[in-house]
Every structure is written in structure tokens, then in C-alpha cells.
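Single-structure report; data block below.
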There are 2 protein chains.
Amino acid sequence: MPTTDHHASMADVARLAGVSVATVSRALHGSPLVSAETTARVLAAAEELSFAISRVASGLASGRLGRIGVLVGGPLQSWFNGTVIDAVYSRLTPADVELTIFRIADRAERDRFFTRLPARRNVDALIVASFALTAAERTRLQTLGVPLVYLNQQVVGVPSVAIDDVAGARDGVSALLGLGHRRIGFVRSVGRRPGFRYSADRRVEGFRSAMTEAGVPESDQLVVDARDLDAGDEVLATVLADPDPPTALAVDSDELAIGILAALVRAGLRAPDDLSLLGFDDHAMAERLGLSTVAQPAERTATEAASLALALAAGEVPDHPTVLVPTRVVLRRTTGAPPRGPR
Amino acid sequence: MPTTDHHASMADVARLAGVSVATVSRALHGSPLVSAETTARVLAAAEELSFAISRVASGLASGRLGRIGVLVGGPLQSWFNGTVIDAVYSRLTPADVELTIFRIADRAERDRFFTRLPARRNVDALIVASFALTAAERTRLQTLGVPLVYLNQQVVGVPSVAIDDVAGARDGVSALLGLGHRRIGFVRSVGRRPGFRYSADRRVEGFRSAMTEAGVPESDQLVVDARDLDAGDEVLATVLADPDPPTALAVDSDELAIGILAALVRAGLRAPDDLSLLGFDDHAMAERLGLSTVAQPAERTATEAASLALALAAGEVPDHPTVLVPTRVVLRRTTGAPPRGPR
DNA sequence: CTGTTAGCGCCTTCAA
DNA sequence: TTGAAGGCGCTAACAG
């Protein structure tokens with residue numbers, strides 16, 4: 001008869017197997033100290049009782065929670081966050097480590113996280129994914145008491161894995177230049193919320209770098225701000241109203257680029273015939289829609305981050321605490337040579 | 001000086017506040033048994049030490065884990081799963097309950113979940129989201145020992161919140177009929193993996209119901225199977241090759257519908273001029289692309305499920321254990337009257 | 001190789 | 001209104 005509730009506990013397993021709970025614990029964790037036959041007996045008993053270990057009890061006793069946190073900015077269903085969470089999950093599960101999400105989608109959640117510190121004493125490591133932190137916040141994270149891994153942002157002295165946003169944007173814009181475009185616009189999604197712009201600024205930097213290198217004076221480097229991810233129509237209108245409209249647009253996210261693509265179709269125009277369009281990310285929809293883009297291997301980045309977190313949680317000292325993952329320009333059907341207008 | 005590690009524990013707070021740990025515990029939980037001034041003193045001390053409660057310790061002692069699980073089928077970044085997880089998170093966080101994800105994306109994960117039962121003794125309640133379960137699996141879940149809430153699937157005797165897939169599809173197809181279409185095809189995304197088709201079958205049922213009601217004989221009810229979400233081109237090809245091609249397509253998911261839309265554009269055709277297109281879900285991209293669809297309020301469904309789970313976790317008996325959420329047909333720019341061809 | 005013995009940090013009676 | 005004490009289920013020395 002089980003002890004407290006109707007779940008079998010280790011004591012029950014121990015009784016059934018005719019050993020002590022310590023032995024059960026060892027056997028369940030595959031300790032080599034336990035003889036093969038005892039282990040088998042314990043496993044059979046556990047199976048018999050549908051025993052599942054109590055993670056809280058084991059966490060309390062061992063000091064290892066068996067849980068890693070991911071701190072994300074914005075909604076969980078965004079392409080980036082979803083991809084990251086999925087990839088981290090994939091990496092943690094085989095290691096029998098659970099995933100806890102901490103979301104910071106608005107000011108309130110931000111305050112809550114940094115004042116209450118729900119990650120404290122609650123995860124073995126924390127992956128901080130891709131959103132701007134103030135210096136004060138970074139300091140506070142440091143004092144959290146858990147190992148940190150930064151994802152898509154580099155911080156000196158802290159393990160991190162990131163893509164090179166500058167290089168990614170530069171390569172993308174270079175590809176457009178290579179197609180013959182000279183007048184290229186860069187569209188930046190600027191949320192009004194401070195601290196939520198991930199790498200947007202660095203991508204603009206990459207754009208400017210490529211353009212300058214190509215001999216386009218800074219004053220001719222057109223940067224358009226998009227209010228949010230649904231501002232496709234506005235962006236297109238702005239761009240078309242330009243006295244010298246661009247023949248290509250590099251956009252800092254696929255989600256926004258797709259909105260612009262839709263606006264284009266709606267306006268009776270076509271990509272790349274009327275305007276070349278290049279996104280950034282390689283969202284699942286990008287391939288489906290034939291959108292050219294600068295692909296960032298988010299799953300790979302996230303997987304690396306998870307591996308790092310796992311190592312840190314285990315008390316190991318990683319030999320490559322900071323990883324840089326390359327992006328890749330993928331030209332599909334929305335980019336081509338510039339139209340040969342009168343210009 | 002803190003006891004074991006460098007995190008403050010309740011004992012430290014108690015010492016600083018000059019009270020017992022029992023009082024600290026009560027004060028932190030807002031017990032009315034503690035005097036206002038004592039509470040204030042404790043809170044101040046906790047703040048001073050950046051104290052955060054150890055959830056494992058409190059979970060072990062109280063028997064309440066403060067954690068609710070969500071079991072999802074397929075990748076976390078899919079529209080549905082992402083939306084559900086986000087909404088559940090939103091509902092749980094204010095209640096200070098954490099979220100643990102259990103993903104079943106393939107056969108291996110399925111086996112793992114049902115044999116190891118990682119949710120056992122590890123969450124206070126489990127939300128089972130939208131994927132087909134075998135009878136054996138359902139039984140096994142029942143014996144899990146935690147309250148269950150089914151999301152988008154109805155099970156007698158188990159609390160659930162779901163949309164009416166049959167009615168949703170029927171309404172959508174009726175809307176197409178209302179536009180004048182008679183020859184309508186239904187596209188069903190059939191993964192080859194058994195048990196992973198959520199509501200696909202029920203949506204076909206809704207389609208048939210609407211068509212039959214409109215007097216279209218069953219033999220004229222065209223149902224096309226899509227290999228996966230990226231099979232837009234194939235589906236379009238199949239449909240166009242039909243001796244009597246449909247003038248409208250009802251698709252059982254927006255993600256697939258978008259792929260078909262892209263295939264259409266690629267083929268030099270247009271919606272709705274050449275073919276009307278109706279999705280299902282109301283994916284974020286649907287609005288962006290102007291896709292007509294049967295909107296299912298996934299956040300609302302998920303929020304309701306989370307509320308139910310919270311109540312069950314607290315030991316309450318919900319008075320409305322089963323909730324049915326209505327869908328809504330949203331006609332945007334991909335649907336219109338059928339082309340008046342010679343036929 | 002296995003058992004015994006202390007806790008891990010908190011919650012919860014029971015007393016006061 | 002507060003404190004003392006026991007125990008939640010497991011792990012980790014320490015014996016044997």
C-alpha cells in the first residue's frame with residue numbers, strides 16, 4: 001500500500017524489490033555501484049508500480065533542479081521564439097532536463113521578471129534569448145545565481161551563441177548589389193518599445209556597410225522604419241512615394257517582408273519584376289512563398305545555446321563559451337535584376 | 001550569513017526579520033493570520049535579501065507543485081501550438097503557476113511520454129492539446145494521477161474546451177456555396193503519422209454535410225489529400241488536372257492554404273479570379289496575406305483550458321467542465337464569385 | 001555492492 | 001498572532 005497518495009514512491013518500489021530506497025535511487029539513475037540483477041529487480045518493480053520519480057523531491061535533495069529556463073522577449077508564437085523554444089526542447093529532453101519558459105512580452109512582464117526573479121533557485125541555467133537588455137538588467141541577471149547563456153547577443157565574459165547580424169545584412173545587400181541594384185532601401189521594424197529591438201540596429205549597420213563599400217554615399221542610403229510587422233502597405237506606399245524609388249528592398253525580418261510582398265501583389269505589382277524583395281530569418285513561410293532571404297539557422301543557434309546551458313548546469317566549464325553561427329543568403333523568387341526603366 | 005549556498009533561504013529572512021520561518025512562510029503567502037506590521041517586516045527582509053522562494057522545497061512540503069503541463073503534438077513553432085502555449089502562459093503567470101511543455105512530435109517522443117510518464121508527480125494538472133489519442137493512451141492518461149483538460153477534442157467525462165470543427169467547416173463551405181460556387185474541393189492535410197491528425201477528419205465531415213445539404217451528391221464531393229503543409233504545388237496540380245476542376249477550395253489549415261495561394265501565383269493564376277481559396281485557423285499570416293478563412297479563436301480556447309486546469313489544480317470542481325467555442329467565417333480577398341467560364 | 005543516517009527548504013498541524 | 005516540531009520523497013555521505 002502506497003504511503004501518502006496513490007502514487008508509488010521510492011519506498012514502495014524499495015519494498016517491492018526488497019531493497020533499500022538508496023538502492024532504488026541508485027538503480028534508477030543507472031549507478032554502476034548496483035549489481036545488474038538488483039538493478040533489473042528495481043526496474044521491474046518500478047515498472048510494475050508505474051513509478052515516476054518526484055522531481056521536486058530529487059531536486060531538493062540533490063540541489064540540481066533538472067530544469068533549464070529560456071527567457072524570451074515577445075510572444076511565444078513568433079517565428080524566432082517558437083523556433084528557439086522548439087530547438088532547446090529537443091536538446092534538453094534527451095538529457096532528461098525540463099524546460100521552463102520565462103516570457104517578457106511587455107513592460108509588466110519585464111518588471112515582474114526583474115523584480116521577482118522567478119528563475120532564482122528554480123532553474124539550473126538560463127538561456128537569455130535575443131532581446132536588448134539595459135545595463136542594470138544585465139547586472140541583475142548576473143546576480144541571479146544561475147549560469148547564463150546569451151542567445152543572439154554578445155556580452156563580454158558571458159557564454160553566448162549568436163549570429164553575426166552585421167555580416168548577414170551586409171551579405172544580403174551585397175547580393176542585391178550583385179544583381180545590379182544600386183538604389184536599395186532597408187526596412188527596419190522598429191517597435192516603439194525600447195529594449196525590444198533585437199538585432200535590428202546591427203542589421204542596418206550591415207546594410208550601410210555594404211552600401212558604403214559599393215560607393216553609395218550615406219545620404220543615398222534609404223532606411224525606412226516600419227511601425228510593426230503588419231505595416232506592409234505603409235512601407236510600400238512610403239517607398240513608392242520616394243522621388244527616386246528603390247529597385248530593391250532589404251527587410252530586417254521575413255514576417256515584415258511577407259507583409260510587403262502581399263502589399264505589392266495587392267498594388268498590382270510583382271516581385272522581382274517591379275521590386276526585388278529580400279527578407280531576413282528564413283521563416284517557414286519564406287520558402288513556401290518563394291521569398292529570398294538571409295537565413296539564420298535559429299534552431300542551430302538555439303541548440304548550441306542549450307548544449308552550453310546543459311554543460312554549465314552540470315558544473316562544467318565549456319571550452320568554447322562563445323559561438324558565432326554564420327548566416328546564409330538564399331535567393332529565391334523575389335529577387336532579380338533591377339527593372340530597366342528610364343530612370 | 002546564508003546557510004548553504006549564496007541564496008537567501010527563509011531561515012535567513014526569518015533571522016533578519018526577527019521571526020520564525022513559519023511566520024515568514026505565512027507572511028509571504030499573504031496569510032491573514034500574520035499582523036500587518038510583521039508582514040511588512042518580513043517582506044522588507046525578503047526584498048533586502050533578494051529572496052525568492054524555492055519552488056521545489058515548497059512543492060515538496062505542500063504537495064502542490066505550482067506547475068501545469070501542456071501536452072502538444074508536433075513542433076512548438078506551429079501556429080496552433082505556439083498560440084496555445086502563449087495563451088496558456090498568459091493565464092498561468094498571474095496565478096504564479098509555471099508552465100511545463102510536453103511535446104510529442106514523433107513516434108519516439110510519443111513512446112517516451114507514455115512509458116515514462118514525465119508528467120507524473122510533476123505537474124498539478126495537464127492540458128492535452130489537440131491531437132488524436134488511442135484509447136489505450138487515453139486510459140493511461142487517466143491513470144496519470146493529475147487532473148486532465150482536453151483541448152480541441154471531446155472526451156466524455158473529462159473537462160474539455162474545443163471548437164466545433166464540423167460546424168466550422170460547414171459554415172465555411174456554406175459561405176462558398178453562398179458566393180455561387182457549386183464545384184468545391186476540400187483539401188485535407190493528411191500526415192502519414194497516425195494519431196497526428198487533429199480535427200482534420202471532422203472538418204471533412206463538415207464539408208460533406210454542407211455539400212450534401214446543398215444538394216451536391218456525395219460522388220461529386222471532391223476531397224484532395226495533401227502530403228504535408230508544403231504540398232501547395234502538388235495540390236494545385238491535382239486540382240487543375242481534374243476533368244471538372246473546382247471553382248473554390250476549402251482547405252483545412254491556413255498554413256496549407258497559404259502554400260496553395262503561393263502555388264497559384266506561381267502558376268500565373270489569381271485568387272479569387274481563377275479560384276477561390278478558404279483556409280481554416282486564422283493564422284497571423286492569413287490576415288497579412290488577405291486569406292479568407294474560418295477563424296478559430298485558439299487563444300480563447302487555450303485560455304479557457306488554462307482556467308479549467310487552474311481550478312482543477314486547486315481542487316475545485318468546475319461547474320462548466322466542458323466548453324464549446326464558436327468559429328467564425330472571415331471572408332477576405334481570396335474568395336469571390338466563381339469565374340463564369342464555359343465549363 | 002548495499003543499508004543507515006542525515007538532511008535539502010519549506011509547509012502545516014499543534015500549542016501557546 | 002506566533003513558534004516549535006515533524007515530515008514531504010529523495011540524495012549523498014558514511015559504514016559495513
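Ligands are numbered from 1 in the order shown, residues from 1 within each chain, and chains are lettered A, B, ... in the order they appear in the C-alpha cells.
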
* Contacts of region 4-13 of chain D at 12 Å (only C-alpha atoms (C1' of nucleotides); same-chain gap of 3+ positions) as an NGL selection string -> (:A and (3-5 or 7-12 or 21-26 or 28-29 or 52-64)) or (:B and (20-23 or 56-65 or 121)) or (:C and (4-16))

* To do: Kindly determine which residues of chain A lie within 8 Å of chain B, considering only C-alpha atoms, and give the answer as a VMD selection string.
  => chain A and resid 6 to 7 52 to 57 59 to 60 65 75 to 79 81 to 83 85 to 86 98 to 101 116 to 118 120 to 122 145 230 258 to 259 262 288 to 290

* So which bits of region 108-193 of chain B end up helix (DSSP H, G or I) when you DSSP the backbone, as number ranges by chain? -> B: 108-116, 135-142, 165-178

* Extract, using only C-alpha atoms (C1' of nucleotides), all DNA, RNA and protein residues at most 9 Å from region 35-42 of chain A, discarding same-chain residues fewer than 2 positions from it, and format them as a list in words. =>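 Using only C-alpha atoms (C1' of nucleotides), the neighbours found are Val13, Ala14, Leu16, Ala17, Gly18, Val19, Thr23, Val24, Arg26, Ala27, Leu28, Gly30, Ser31, Pro32, Leu33, Ala44, Ala45, Ala46 and Glu47 of chain A; DC1 of chain C.
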
Selection export as a compact mmCIF listing (two decimals), in the first residue's frame, atoms kept: all heavy atoms:
# COMPACT_ATOMS: atom_id res chain seq x y z
N VAL A 13 8.62 1.12 -4.17
CA VAL A 13 9.45 0.36 -5.08
C VAL A 13 10.47 -0.47 -4.29
O VAL A 13 10.69 -1.65 -4.56
CB VAL A 13 10.18 1.29 -6.07
CG1 VAL A 13 11.09 0.49 -6.99
CG2 VAL A 13 9.18 2.09 -6.90
N ALA A 14 11.05 0.19 -3.30
CA ALA A 14 12.05 -0.49 -2.47
C ALA A 14 11.45 -1.73 -1.81
O ALA A 14 12.04 -2.82 -1.83
CB ALA A 14 12.57 0.47 -1.41
N LEU A 16 8.82 -3.46 -2.73
CA LEU A 16 8.52 -4.48 -3.72
C LEU A 16 9.77 -5.21 -4.21
O LEU A 16 9.77 -6.42 -4.44
CB LEU A 16 7.77 -3.85 -4.90
CG LEU A 16 7.30 -4.81 -6.00
CD1 LEU A 16 6.41 -5.90 -5.42
CD2 LEU A 16 6.56 -4.04 -7.09
N ALA A 17 10.85 -4.44 -4.33
CA ALA A 17 12.09 -5.04 -4.86
C ALA A 17 12.91 -5.69 -3.74
O ALA A 17 13.89 -6.37 -3.99
CB ALA A 17 12.90 -3.99 -5.58
N GLY A 18 12.50 -5.41 -2.50
CA GLY A 18 13.24 -5.98 -1.38
C GLY A 18 14.61 -5.37 -1.18
O GLY A 18 15.57 -6.05 -0.83
N VAL A 19 14.69 -4.07 -1.41
CA VAL A 19 15.97 -3.37 -1.19
C VAL A 19 15.69 -2.06 -0.46
O VAL A 19 14.54 -1.76 -0.14
CB VAL A 19 16.67 -3.06 -2.53
CG1 VAL A 19 17.07 -4.34 -3.25
CG2 VAL A 19 15.79 -2.21 -3.41
N THR A 23 19.18 2.20 -2.64
CA THR A 23 19.49 1.33 -3.78
C THR A 23 18.55 1.61 -4.95
O THR A 23 18.98 1.63 -6.11
CB THR A 23 19.39 -0.15 -3.36
OG1 THR A 23 20.35 -0.38 -2.33
CG2 THR A 23 19.69 -1.06 -4.53
N VAL A 24 17.32 1.84 -4.63
CA VAL A 24 16.38 2.18 -5.69
C VAL A 24 16.86 3.43 -6.41
O VAL A 24 16.92 3.48 -7.64
CB VAL A 24 14.96 2.42 -5.12
CG1 VAL A 24 14.04 2.94 -6.21
CG2 VAL A 24 14.41 1.15 -4.51
N ARG A 26 19.80 4.68 -6.61
CA ARG A 26 20.99 4.39 -7.42
C ARG A 26 20.63 3.64 -8.69
O ARG A 26 21.07 3.99 -9.79
CB ARG A 26 21.96 3.56 -6.60
CG ARG A 26 22.57 4.29 -5.43
CD ARG A 26 23.65 3.45 -4.76
NE ARG A 26 24.06 3.99 -3.47
CZ ARG A 26 23.76 3.43 -2.30
NH1 ARG A 26 23.06 2.30 -2.25
NH2 ARG A 26 24.18 3.99 -1.17
N ALA A 27 19.83 2.63 -8.53
CA ALA A 27 19.48 1.80 -9.69
C ALA A 27 18.79 2.64 -10.76
O ALA A 27 19.10 2.55 -11.95
CB ALA A 27 18.59 0.64 -9.26
N LEU A 28 17.86 3.46 -10.30
CA LEU A 28 17.10 4.28 -11.24
C LEU A 28 18.01 5.25 -11.99
O LEU A 28 17.72 5.65 -13.12
CB LEU A 28 16.04 5.07 -10.47
CG LEU A 28 14.59 4.60 -10.58
CD1 LEU A 28 14.48 3.13 -10.90
CD2 LEU A 28 13.82 4.96 -9.33
N GLY A 30 20.97 4.54 -12.78
CA GLY A 30 21.95 3.76 -13.52
C GLY A 30 23.32 3.75 -12.90
O GLY A 30 24.33 3.66 -13.61
N SER A 31 23.37 3.82 -11.60
CA SER A 31 24.67 3.80 -10.94
C SER A 31 25.37 2.46 -11.13
O SER A 31 24.76 1.41 -11.00
CB SER A 31 24.49 4.06 -9.44
OG SER A 31 25.64 3.67 -8.75
N PRO A 32 26.65 2.50 -11.45
CA PRO A 32 27.42 1.26 -11.65
C PRO A 32 27.68 0.55 -10.32
O PRO A 32 28.17 -0.57 -10.31
CB PRO A 32 28.72 1.77 -12.27
CG PRO A 32 28.83 3.19 -11.82
CD PRO A 32 27.44 3.70 -11.67
N LEU A 33 27.33 1.21 -9.25
CA LEU A 33 27.57 0.59 -7.94
C LEU A 33 26.57 -0.53 -7.66
O LEU A 33 26.79 -1.34 -6.76
CB LEU A 33 27.45 1.64 -6.84
CG LEU A 33 28.51 2.74 -6.83
CD1 LEU A 33 28.23 3.74 -5.71
CD2 LEU A 33 29.88 2.12 -6.66
N ALA A 44 12.14 -3.50 -12.63
CA ALA A 44 10.89 -4.25 -12.80
C ALA A 44 9.84 -3.76 -11.80
O ALA A 44 8.68 -3.54 -12.14
CB ALA A 44 11.15 -5.74 -12.61
N ALA A 45 10.29 -3.57 -10.58
CA ALA A 45 9.35 -3.11 -9.55
C ALA A 45 8.81 -1.73 -9.89
O ALA A 45 7.62 -1.44 -9.74
CB ALA A 45 10.05 -3.08 -8.19
N ALA A 46 9.71 -0.87 -10.36
CA ALA A 46 9.30 0.49 -10.72
C ALA A 46 8.28 0.45 -11.85
O ALA A 46 7.24 1.12 -11.80
CB ALA A 46 10.52 1.30 -11.15
N GLU A 47 8.56 -0.35 -12.82
CA GLU A 47 7.67 -0.53 -13.95
C GLU A 47 6.30 -1.02 -13.48
O GLU A 47 5.25 -0.48 -13.82
CB GLU A 47 8.30 -1.55 -14.91
CG GLU A 47 7.35 -2.15 -15.91
CD GLU A 47 7.42 -1.44 -17.25
OE1 GLU A 47 8.52 -1.39 -17.80
OE2 GLU A 47 6.37 -0.97 -17.73
P DC C 1 29.96 -4.78 -8.21
OP1 DC C 1 29.26 -5.30 -9.35
OP2 DC C 1 30.67 -3.51 -8.31
O5' DC C 1 29.00 -4.55 -6.97
C5' DC C 1 27.72 -5.05 -6.93
C4' DC C 1 27.32 -5.07 -5.48
O4' DC C 1 28.33 -4.45 -4.68
C3' DC C 1 26.05 -4.26 -5.24
O3' DC C 1 25.06 -5.15 -4.78
C2' DC C 1 26.41 -3.24 -4.16
C1' DC C 1 27.69 -3.81 -3.58
N1 DC C 1 28.62 -2.77 -3.06
C2 DC C 1 28.67 -2.52 -1.69
O2 DC C 1 27.92 -3.17 -0.93
N3 DC C 1 29.51 -1.58 -1.19
C4 DC C 1 30.29 -0.91 -2.04
N4 DC C 1 31.12 0.02 -1.51
C5 DC C 1 30.28 -1.13 -3.44
C6 DC C 1 29.43 -2.07 -3.91

* To do: Taking the DSSP assignment computed from this structure's backbone, write out as a list in words all residues of region 46-170 of chain B that belong to strand (DSSP E).
  => Arg67, Ile68, Gly69, Val70, Leu71, Val72, Gly73, Glu98, Leu99, Thr100, Ile101, Phe102, Arg103, Ile104, Ala125, Leu126, Ile127, Val128, Ala129, Leu148, Val149, Tyr150, Leu151, Ser160, Val161, Ala162 and Ile163 of chain B

* Distance of CA of Arg227 (chain B) from CA of Ser253 (chain B), expressed in Å to one decimal place ->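 Result for CA of Ser253 (chain B) versus CA of Arg227 (chain B): 13.0 Å, one decimal.
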
* To do: Please measure the separation of CA of Ile68 (chain B) and CA of Gln142 (chain B), giving the value in Å to one decimal.
  => 16.0 Å

* Of the listed residues A:Pro243, A:Ala125, A:Leu49, A:Ala302, that which approaches Arg15 (chain A) most closely, counting only C-alpha atoms ->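 Counting only C-alpha atoms, the residue closest to Arg15 (chain A) is A:Leu49.
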
* Asked: Could you name the residues that touch Asp274 (chain A) at 9 Å or less, counting only C-alpha atoms (C1' of nucleotides), but leaving out those on the same chain fewer than 6 positions away, as a list of chain:residue names?
  -> A:Thr247, A:Ala248, A:Leu264, A:Pro338, A:Pro339

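When CA of Ala305 (chain B) is paired with CA of Val190 (chain B), their separation reads 26.4 Å.
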